[in-house]
file model_32.cif (mmCIF, C-alpha atoms)
data_data
#
loop_
_atom_site.label_atom_id
_atom_site.label_comp_id
_atom_site.auth_asym_id
_atom_site.auth_seq_id
_atom_site.Cartn_x
_atom_site.Cartn_y
_atom_site.Cartn_z
CA ARG A 1 32.23 -5.63 16.65
CA ASP A 2 31.04 -2.01 16.89
CA ALA A 3 33.21 -1.11 13.90
CA GLU A 4 31.67 -3.97 11.87
CA ALA A 5 28.17 -2.85 12.80
CA ARG A 6 28.99 0.71 11.81
CA GLN A 7 30.43 -0.38 8.47
CA ARG A 8 27.38 -2.55 7.80
CA ALA A 9 25.07 0.38 8.60
CA GLU A 10 27.07 2.62 6.26
CA ARG A 11 26.84 0.02 3.48
CA ASP A 12 23.09 -0.32 4.02
CA GLN A 13 22.68 3.46 3.90
CA ALA A 14 24.71 3.68 0.69
CA THR A 15 22.57 0.95 -0.87
CA VAL A 16 19.36 2.74 0.09
CA LEU A 17 20.62 6.08 -1.26
CA SER A 18 21.69 4.45 -4.52
CA THR A 19 18.31 2.74 -4.90
CA VAL A 20 16.40 5.93 -4.08
CA ALA A 21 18.41 7.85 -6.69
CA HIS A 22 17.60 5.17 -9.26
CA GLU A 23 13.88 5.20 -8.37
CA LEU A 24 13.71 9.00 -8.64
CA ARG A 25 15.71 9.27 -11.84
CA ALA A 26 13.31 7.45 -14.20
CA PRO A 27 10.13 9.47 -13.52
CA LEU A 28 12.11 12.73 -13.28
CA THR A 29 13.71 12.06 -16.66
CA SER A 30 10.29 11.38 -18.15
CA VAL A 31 8.72 14.55 -16.67
CA THR A 32 11.57 16.86 -17.72
CA GLY A 33 11.88 15.27 -21.16
CA PHE A 34 8.19 15.51 -22.09
CA THR A 35 7.85 19.00 -20.55
CA SER A 36 10.83 20.26 -22.54
CA SER A 37 9.49 18.76 -25.75
CA LEU A 38 6.06 20.31 -25.25
CA LEU A 39 7.46 23.74 -24.45
CA ARG A 40 9.82 23.83 -27.43
CA ARG A 41 7.71 22.10 -30.10
CA TRP A 42 4.09 22.53 -28.98
CA GLU A 43 2.78 23.34 -32.46
CA ARG A 44 4.35 20.24 -34.00
CA PHE A 45 2.38 17.76 -31.89
CA THR A 46 -1.17 16.63 -32.56
CA ASP A 47 -3.80 17.00 -29.84
CA GLU A 48 -3.65 13.25 -29.23
CA GLN A 49 0.15 13.32 -28.83
CA LYS A 50 -0.12 16.25 -26.41
CA ARG A 51 -2.75 14.44 -24.37
CA LEU A 52 -0.64 11.27 -24.10
CA MET A 53 2.46 13.23 -23.08
CA ILE A 54 0.57 15.23 -20.44
CA GLU A 55 -1.01 12.04 -19.07
CA THR A 56 2.47 10.51 -18.80
CA ILE A 57 3.76 13.59 -16.96
CA GLU A 58 0.83 13.39 -14.54
CA ALA A 59 1.38 9.67 -13.90
CA ASP A 60 5.11 10.11 -13.27
CA ALA A 61 4.51 13.13 -11.01
CA THR A 62 2.05 11.04 -9.00
CA ARG A 63 4.64 8.25 -8.78
CA LEU A 64 7.23 10.74 -7.49
CA THR A 65 4.82 12.12 -4.88
CA ARG A 66 4.01 8.61 -3.66
CA LEU A 67 7.68 7.65 -3.54
CA ILE A 68 8.59 10.71 -1.46
CA THR A 69 5.66 10.10 0.90
CA GLU A 70 6.68 6.48 1.36
CA LEU A 71 10.33 7.42 1.97
CA LEU A 72 9.23 9.84 4.72
CA ASP A 73 7.04 7.12 6.25
CA ILE A 74 9.94 4.67 6.18
CA SER A 75 12.13 7.19 7.98
CA ARG A 76 9.48 7.59 10.69
CA LEU A 77 8.90 3.84 10.99
CA ASP A 78 12.59 2.97 11.19
CA SER A 79 13.22 5.64 13.84
CA ASP A 80 10.10 4.72 15.87
CA ASN A 81 8.91 8.27 15.28
CA LEU A 82 5.51 7.49 13.75
CA ASN A 83 2.67 9.16 15.64
CA LEU A 84 -0.74 7.55 15.20
CA ARG A 85 -3.74 9.86 15.59
CA ARG A 86 -6.14 7.27 16.94
CA GLY A 87 -9.88 7.66 17.19
CA PRO A 88 -13.03 5.55 16.79
CA VAL A 89 -13.18 4.03 13.30
CA ASP A 90 -16.02 2.37 11.41
CA LEU A 91 -13.85 0.28 9.10
CA HIS A 92 -16.75 -0.86 6.92
CA ALA A 93 -17.79 2.74 6.22
CA LEU A 94 -14.15 3.77 5.65
CA LEU A 95 -13.53 0.98 3.13
CA SER A 96 -16.88 1.54 1.39
CA LYS A 97 -16.03 5.20 0.75
CA HIS A 98 -12.48 4.33 -0.26
CA VAL A 99 -13.55 1.67 -2.76
CA ALA A 100 -16.22 3.99 -4.21
CA ARG A 101 -13.64 6.75 -4.74
CA TYR A 102 -11.15 4.29 -6.15
CA GLU A 103 -13.60 3.08 -8.78
CA LEU A 104 -14.34 6.56 -10.18
CA GLY A 105 -11.50 6.33 -12.64
CA ARG A 106 -11.83 2.63 -13.38
CA SER A 107 -14.40 0.28 -14.87
CA THR A 108 -17.28 -0.67 -12.58
CA GLY A 109 -16.65 -3.79 -10.55
CA THR A 110 -12.87 -3.59 -10.63
CA VAL A 111 -12.82 -3.39 -6.83
CA HIS A 112 -15.49 -5.21 -4.83
CA LEU A 113 -16.08 -4.94 -1.07
CA GLN A 114 -17.97 -7.63 0.83
CA LEU A 115 -18.61 -8.70 4.42
CA GLY A 116 -17.52 -12.10 5.69
CA THR A 117 -19.80 -14.62 7.40
CA GLN A 118 -19.19 -13.47 10.97
CA ALA A 119 -19.50 -9.78 10.13
CA THR A 120 -22.75 -10.41 8.25
CA ALA A 121 -24.23 -12.27 11.21
CA ASP A 122 -22.90 -10.23 14.15
CA GLY A 123 -21.67 -6.94 12.71
CA LEU A 124 -18.16 -5.58 13.22
CA PRO A 125 -16.51 -4.56 16.50
CA GLU A 126 -15.51 -0.94 16.99
CA MET A 127 -11.91 0.06 16.41
CA TRP A 128 -9.53 2.67 17.82
CA ALA A 129 -7.11 3.50 15.03
CA ASP A 130 -5.64 6.19 12.77
CA THR A 131 -8.11 6.71 9.91
CA ASP A 132 -5.57 8.22 7.49
CA ARG A 133 -3.09 5.40 8.06
CA LEU A 134 -5.77 2.74 7.57
CA GLU A 135 -6.70 4.34 4.25
CA GLN A 136 -3.03 4.29 3.29
CA ILE A 137 -2.72 0.60 4.18
CA PHE A 138 -5.69 -0.47 2.09
CA PHE A 139 -4.96 1.89 -0.79
CA ASN A 140 -1.53 0.28 -1.11
CA LEU A 141 -2.95 -3.25 -0.95
CA ILE A 142 -5.71 -2.57 -3.49
CA GLU A 143 -3.26 -0.76 -5.78
CA ASN A 144 -0.90 -3.73 -5.49
CA GLY A 145 -3.70 -6.13 -6.43
CA LEU A 146 -4.72 -4.09 -9.48
CA LEU A 147 -1.13 -3.59 -10.57
CA HIS A 148 0.04 -7.19 -10.28
CA GLY A 149 -3.26 -9.03 -10.67
CA ASP A 150 -5.41 -9.57 -13.73
CA GLY A 151 -9.00 -8.56 -13.15
CA ARG A 152 -11.08 -7.73 -10.10
CA VAL A 153 -9.77 -7.13 -6.60
CA THR A 154 -12.07 -8.39 -3.83
CA VAL A 155 -11.86 -6.94 -0.32
CA THR A 156 -13.49 -9.04 2.42
CA LEU A 157 -14.09 -7.58 5.88
CA ASP A 158 -14.83 -9.89 8.83
CA ARG A 159 -14.60 -10.41 12.58
CA GLY A 160 -11.56 -12.26 13.93
CA ALA A 161 -10.30 -13.93 17.09
CA GLU A 162 -8.33 -12.23 19.87
CA LEU A 163 -5.15 -10.40 18.92
CA GLY A 164 -2.60 -9.30 21.52
CA ASP A 165 -4.40 -7.65 24.43
CA SER A 166 -7.58 -7.21 22.41
CA PRO A 167 -10.32 -9.84 22.93
CA GLU A 168 -11.18 -9.77 19.23
CA SER A 169 -9.94 -8.38 15.93
CA VAL A 170 -11.01 -7.19 12.51
CA VAL A 171 -9.72 -9.18 9.53
CA VAL A 172 -9.42 -7.74 6.02
CA GLU A 173 -8.56 -9.97 3.07
CA VAL A 174 -7.50 -8.42 -0.23
CA ASP A 175 -7.69 -10.95 -3.09
CA ASP A 176 -6.51 -10.44 -6.66
CA GLU A 177 -6.91 -12.56 -9.79
CA GLY A 178 -3.25 -12.75 -10.74
CA ASP A 179 -0.78 -15.63 -10.70
CA GLY A 180 -0.13 -15.45 -6.96
CA ILE A 181 3.19 -14.99 -5.22
CA PRO A 182 5.71 -17.86 -5.01
CA SER A 183 6.28 -19.17 -1.49
CA ALA A 184 9.95 -18.19 -1.64
CA ASP A 185 9.00 -14.52 -2.23
CA ARG A 186 6.24 -14.12 0.34
CA GLU A 187 8.49 -12.61 2.98
CA LYS A 188 10.71 -10.74 0.52
CA ILE A 189 7.81 -8.69 -0.83
CA PHE A 190 7.57 -6.82 2.49
CA GLY A 191 11.18 -5.65 2.17
CA ARG A 192 12.36 -2.29 0.87
CA PHE A 193 12.45 -1.77 -2.89
CA TRP A 194 11.08 -5.20 -3.76
CA HIS A 195 9.73 -5.29 -7.30
CA GLY A 196 7.56 -7.88 -8.97
CA PRO A 197 7.99 -8.93 -12.59
CA SER A 198 6.24 -5.78 -13.85
CA ASN A 199 8.69 -3.48 -12.01
CA ALA A 200 5.88 -0.90 -12.07
CA SER A 201 5.60 -0.05 -8.37
CA THR A 202 7.90 2.00 -6.14
CA GLY A 203 8.88 -1.15 -4.26
CA LEU A 204 8.10 0.54 -0.93
CA GLY A 205 4.34 0.18 -0.56
CA LEU A 206 4.26 -3.23 1.12
CA TYR A 207 7.14 -2.33 3.43
CA VAL A 208 5.10 0.68 4.58
CA VAL A 209 1.94 -1.47 4.86
CA ARG A 210 3.63 -3.89 7.24
CA GLY A 211 5.10 -1.05 9.31
CA LEU A 212 1.75 0.72 9.64
CA VAL A 213 -0.14 -2.48 10.43
CA GLU A 214 2.38 -3.45 13.12
CA ALA A 215 2.26 0.10 14.54
CA HIS A 216 -1.45 -0.56 15.14
CA GLY A 217 -0.63 -3.84 16.91
CA GLY A 218 -1.74 -5.92 13.94
CA THR A 219 -0.28 -8.47 11.54
CA VAL A 220 -0.16 -8.89 7.76
CA HIS A 221 0.79 -11.87 5.62
CA VAL A 222 0.22 -13.16 2.10
CA SER A 223 -0.95 -16.54 0.81
CA ASP A 224 -2.85 -17.96 -2.18
CA ASN A 225 -6.59 -17.51 -2.57
CA GLU A 226 -8.95 -20.17 -3.92
CA ALA A 227 -8.56 -18.96 -7.51
CA GLY A 228 -4.76 -19.06 -7.33
CA GLY A 229 -4.17 -15.33 -6.99
CA ALA A 230 -2.60 -13.53 -4.04
CA ARG A 231 -4.46 -12.98 -0.77
CA PHE A 232 -3.17 -10.35 1.66
CA VAL A 233 -4.60 -10.81 5.13
CA VAL A 234 -4.54 -7.91 7.61
CA ARG A 235 -5.58 -8.48 11.22
CA LEU A 236 -6.09 -5.43 13.43
CA PRO A 237 -7.03 -5.38 17.11
CA ALA A 238 -10.55 -4.19 17.87
CA GLY A 239 -11.71 -2.13 20.82
CA LEU A 240 -11.92 1.50 21.87
CA SER A 241 -9.41 3.76 23.59
CA GLU A 242 -9.29 1.87 26.89
CA ALA A 243 -7.69 -1.09 25.14
CA PHE A 244 -4.77 1.11 24.06
CA GLY A 245 -4.17 2.95 27.27
CA SER A 246 -5.73 6.20 26.01
#
call {"tool": "encode", "arguments": {"input": "model_32.cif", "output": "structure tokens"}}
result
Amino acid sequence: RDAEARQRAERDQATVLSTVAHELRAPLTSVTGFTSSLLRRWERFTDEQKRLMIETIEADATRLTRLITELLDISRLDSDNLNLRRGPVDLHALLSKHVARYELGRSTGTVHLQLGTQATADGLPEMWADTDRLEQIFFNLIENGLLHGDGRVTVTLDRGAELGDSPESVVVEVDDEGDGIPSADREKIFGRFWHGPSNASTGLGLYVVRGLVEAHGGTVHVSDNEAGGARFVVRLPAGLSEAFGS
């Protein structure tokens, strides 16, 4: 039985390495190819061609950086070696700043942040969490909605019921205007290297999202929203340091 487990682990590792090599190869080929062309034949290209090639290099370099970051996060998550730097967090302020920054390079209204009914009436409870990791969670979810949806992404922030040892929680819903996710795929999308029909993402973002949410003691799932698009629902425990033994 130990030998079978070891062989299965080796097969899994080989599969991951093969997939990583494939994911790295495409953007690297693009970066080296366009860079070589520009260096050798700069004068032959128009300004518009140069701009498009440089923009492609930048986009693929960003994709590579994100892929490497996500691979490092996966290594930490899988080895239980992820250290959260918790502190008091105003999630509404954090998401407001994040959405404002996110919209700088996009058309106005692409990402909309709103408060739910309970949060509007009673405000939001305080949280004890890792600010950088929360930004990473919601960046990945918003990026996913813009990539696979068709139109605006709406982020709704509200109060929730008790979660684990916490008497209440904060709930964040991220809605897109796409075609939704088939029921059969709603668990698969949180796996490693899962790609949607566009095949445009690294396939690691949602795996990292679930790992980071669960590291905070929270949950994440996906369903349909009222318009038929996808709705990702993140629930995170509320409370200050005493609730987490700090």
call {"tool": "residues_around", "arguments": {"input": "model_32.cif", "residues": "region 128-130 of chain A", "least_positions_apart": "2", "cutoff": "7 Å", "atoms": "all atoms listed in the file", "output": "ChimeraX atom specification"}}
result
/A:84-89,132-134,216,238-241
call {"tool": "atom_distance", "arguments": {"input": "model_32.cif", "atom1": "CA of Gly211 (chain A)", "atom2": "CA of Asp165 (chain A)"}}
result
19.0 Å
call {"tool": "resolve_selection", "arguments": {"input": "model_32.cif", "expression": "the PyMOL selection byres ((chain A and resi 54-63) around 8)", "output": "list in words"}}
result
Pro27, Leu28, Ser30, Val31, Phe34, Thr35, Lys50, Arg51, Leu52, Met53, Leu64, Thr65, Arg66, Leu67 and Thr202 of chain A
call {"tool": "atom_distance", "arguments": {"input": "model_32.cif", "atom1": "CA of Val220 (chain A)", "atom2": "CA of Asp73 (chain A)"}}
result
17.6 Å
call {"tool": "atom_distance", "arguments": {"input": "model_32.cif", "atom1": "CA of Lys97 (chain A)", "atom2": "CA of Gly145 (chain A)"}}
result
18.2 Å
call {"tool": "resolve_selection", "arguments": {"input": "model_32.cif", "expression": "the PyMOL selection byres ((chain A and resi 221) around 10)", "output": "list in words"}}
result
Glu173, Arg186, Glu187, Phe190, Arg210, Thr219, Val220, Val222, Ser223, Arg231, Phe232, Val233, Val234 and Arg235 of chain A
call {"tool": "resolve_selection", "arguments": {"input": "model_32.cif", "expression": "the PyMOL selection byres ((chain A and resi 179) around 8)", "output": "list in words"}}
result
Gly149, Glu177, Gly178, Gly180, Ile181, Gly228, Gly229 and Ala230 of chain A
call {"tool": "closest_residue", "arguments": {"input": "model_32.cif", "among": "A:Gln49, A:Ser183, A:Thr69, A:Asn225", "to": "Thr154 (chain A)", "atoms": "all atoms listed in the file"}}
result
A:Asn225
call {"tool": "residues_near_point", "arguments": {"input": "model_32.cif", "point": "(-3.2, -7.7, 13.9)", "cutoff": "10 Å", "atoms": "only C-alpha atoms", "output": "list in words"}}
result
Gly160, Ala161, Glu162, Leu163, Gly164, Ser166, Glu168, Ser169, Val170, Val171, Val213, Glu214, Ala215, His216, Gly217, Gly218, Thr219, Val220, Val233, Val234, Arg235, Leu236, Pro237 and Ala238 of chain A
call {"tool": "closest_residue", "arguments": {"input": "model_32.cif", "among": "A:Ala227, A:Arg6, A:Leu77, A:Asp176", "to": "His148 (chain A)", "atoms": "all atoms listed in the file"}}
result
A:Asp176
call {"tool": "residues_around", "arguments": {"input": "model_32.cif", "residues": "Val111 (chain A)", "least_positions_apart": "4", "cutoff": "7 Å", "atoms": "only C-alpha atoms", "output": "PDB file with C-alpha atoms, keeping the file's coordinate frame"}}
result
ATOM      1  CA  VAL A  99     -13.550   1.670  -2.760  1.00  0.00           C
ATOM      2  CA  GLU A 103     -13.600   3.080  -8.780  1.00  0.00           C
ATOM      3  CA  ARG A 152     -11.080  -7.730 -10.100  1.00  0.00           C
ATOM      4  CA  VAL A 153      -9.770  -7.130  -6.600  1.00  0.00           C
ATOM      5  CA  THR A 154     -12.070  -8.390  -3.830  1.00  0.00           C
TER       6      THR A 154
END
